[in-house]
Amino acid sequence: MATKLDVSEFMTHEGVLAARVADDRLPGLLSRTLTIPEGAVALVRKGGADAVVIKGAAQQSASDLKGVLAKADPFAIDFRIEGLGSSDKLEVEASVRLSFAFRAEVFDLESFEKNLLGDREDYSRSDFEGYLLPYVRDALKAFVLARTAHDLCETDVRDALADLFAEEMKRPLFDGGIALRETLHPRFESEAYDELKRNEVEARIKAEEREQEQRLEELNKRLEAEGLIKELELRGEIDDKRHDQQLKRWEELQGKMGADETKALVFLLDDDDLRADLVKKLIERDLPDDEKAALKAREVEEKLTQQLREMQSKLAELSGVELADAQERGPQTRRLLAVVGKKILAFDPKTNLNPEVAKEVHDTEGGTLGYLRSVRFQRLRGQEVILAGAQRGVYWIEEGHDPKEFAFPKAPDGHGGANSICTFDDRVYASHSELGIVAWDVKGVVRSQTRWDDVTGKHSATRGACLGSDGKLYFSSGPNIYAADLVRGKTELTCYSGSTESITAFCVGRSGLYAGNKYGTILRWNLDDPRSPNELPVRKANPIYMLRLFEAGGENHLVVGSKDFSVTVATVGKDKFKEYRAREEVRWVDAASDYIFGVSRAGYKIFVWHPKRPAEPTLTIRVADKIQDVWVCRERRAEA
């Protein structure tokens, strides 16, 4: 006996695409009818008559009725194929989302009924996925085999892949009466290729080190050949006696070399304290007796400090490394929050024992909003709140309470989520690439609504919802950044324009707005001048994935993540920056005065640098699942 067909349940069941229609499947005893709802299409036959197609919002008598009921809205299926081989014989894993729709014609629906539905009463997504899987696998196998792993992982192959599927899916989709609408989010990954890249980077670093050693060796040989110095042994700890001995040697050499050459030799010293001490003594020695007597102690100190600064600057030019000011002052790391799956892990790198072990875990496994995409931390009315962006909304997490859920007004089509969240005056704001800006009024009954659709609807990506110190909500959409005055409740937006390409990351300071685009350019606007950005001297070869501001050493700094083998820290308002090097590409970044953080491109490692040791990470934190976002919770250390 056939099971009954509940049309309303059929329309809400995401896993079912189509169902067989017959009078014995419809509810009712004496008089049965088939109601075709909105969003559905039906192939109907009555008696011996030819089949016809009827679209939604119609009814048909069930007497002697046979046919097929199918959903008219497009549906998408994700495919993931492992073990593919590229043209350079590297193993590649491919994933792609394909969007389909039933063709609402008699011939096509009859083809579906005959070739796919068959004897089934219902036809599910998994049935269709199993039907197409061999064709998708064969198409991807040929596509991958024709390209190198570099082309697949590093270049944009979306158009070529879409053309391939349009051709290769013709026959199976024609037989099934279904149309291919879009090829979405193709992704190719290769651990073997990533390993090759890491090896190449390591080889390049070693080659650079060898080249630097050769240059230093050649410099030493040249100095020895000119008879300027026999040996240079001013490293490590030395006492006052050794100071006097070395200074006598400098005095003997000064007649031959002159002041400039003497300073050049001082530049070669690696020990900063020793170099400063020697420079001061040399300067004091060179001053005439009458000038020494005339200068006050303070003036002497100022002169010594100024000349020391000039020599340190020259040393920076010789070594190719920009010197950074001491970074002991400024807010320090309290916790580093990392988004992993449906959890937020909190790390404290200052911990001496097992710093890579999470100190706190905030779990949303029991929630209904899906996987997490972003995290933010705020102190609201004396309470510490973690805001977590998820696939279908935002979580509000307070210590000792279950997470609160703020759901989007509608479920997005993509697999992403809220990429940034902030709060203001009992409202929560989130940015989402597909939905734009969503706001929730959390007072009383939680209500959600999308905001500024006329702006965000024009572009494919809306990012970075954050609150400035001026009480304005900032977000990016396309090539512009917009500001809404929440304090005064103004409806019009201030538009910060001037970027020629889409904004990929931005952050807001007290007086400036900093943004990076997909071509690696970083721009700065004065907050009161939205149409005249200045380009910063820091330029990256890849899109800017993340920008964060932090305070250290009494100055503001900008930390830049750009899928590069280093993290750039630039001092705001100065042409001064430093590169923190890694052996893997780094994408997500954040920082405080005590640590610089970067997440590997693969997403399973967090690199932690000490600000004064940029050559390699001090600590590497490994996680079991892919990281989607990081956020540093900072606190100021109490003055002693």
# chains A, B, ... in the order shown; residues from 1 in each chain; ligands from 1

$ residues_around --residues "Glu585 (chain A)" --least-positions-apart "2" --cutoff "12 Å" --atoms "only C-alpha atoms" --output "ChimeraX atom specification"
/A:194-195,197-198,201,542,545,561-567,580-583,587-589,598-607

$ residues_around --residues "region 468-473 of chain A" --least-positions-apart "2" --cutoff "8 Å" --atoms "only C-alpha atoms" --output "ChimeraX atom specification"
/A:465-466,475,483-487,508-510

$ atom_distance --atom1 "CA of Tyr514 (chain A)" --atom2 "CA of Arg381 (chain A)"
28.6 Å

$ residues_around --residues "Leu387 (chain A)" --least-positions-apart "2" --cutoff "9 Å" --atoms "only C-alpha atoms" --output "list in words"
Ser374, Val375, Arg376, Phe377, Gln378, Val385, Gly389, Val394, Tyr395, Trp396, Ile397, Ser420, Ile421 and Cys422 of chain A

$ write_last_selection --atoms "C-alpha atoms" --output "mmCIF file, in the first residue's frame"
data_model
loop_
_atom_site.group_PDB
_atom_site.id
_atom_site.type_symbol
_atom_site.label_atom_id
_atom_site.label_comp_id
_atom_site.auth_asym_id
_atom_site.auth_seq_id
_atom_site.Cartn_x
_atom_site.Cartn_y
_atom_site.Cartn_z
ATOM 1 C CA SER A 374 33.962 35.080 13.640
ATOM 2 C CA VAL A 375 34.473 36.208 17.238
ATOM 3 C CA ARG A 376 34.574 39.553 19.072
ATOM 4 C CA PHE A 377 34.977 40.507 22.753
ATOM 5 C CA GLN A 378 33.336 43.449 24.516
ATOM 6 C CA VAL A 385 30.591 39.327 26.547
ATOM 7 C CA GLY A 389 29.175 35.030 14.311
ATOM 8 C CA VAL A 394 24.974 35.393 16.209
ATOM 9 C CA TYR A 395 25.663 33.939 19.670
ATOM 10 C CA TRP A 396 25.865 36.131 22.791
ATOM 11 C CA ILE A 397 28.051 34.343 25.372
ATOM 12 C CA SER A 420 31.923 40.663 12.216
ATOM 13 C CA ILE A 421 29.706 41.691 15.157
ATOM 14 C CA CYS A 422 29.368 44.676 17.492
#

$ select_by_dssp --residues "region 394-575 of chain A" --states "strand (DSSP E)" --output "ChimeraX atom specification"
/A:394-398,404-407,420-424,427-432,436-441,447-451,462-467,472-477,480-485,493-496,503-508,512-517,521-526,534-539,546-552,555-561,564-571

$ atom_distance --atom1 "CA of Leu372 (chain A)" --atom2 "CA of Glu434 (chain A)"
15.9 Å

$ residues_around --residues "Asp73 (chain A)" --least-positions-apart "6" --cutoff "12 Å" --atoms "only C-alpha atoms" --output "number ranges by chain"
A: 11, 14, 17-18, 38-41, 55-56, 99-104, 178-179, 181

$ closest_residue --among "A:Gly15, A:Thr148, A:Glu616, A:Ala142" --to "Ser126 (chain A)" --atoms "only C-alpha atoms"
A:Gly15

$ atom_distance --atom1 "CA of Asp88 (chain A)" --atom2 "CA of Pro186 (chain A)"
20.1 Å

$ closest_residue --among "A:Phe10, A:Phe143, A:Phe174, A:Phe79" --to "Ser111 (chain A)" --atoms "only C-alpha atoms"
A:Phe174
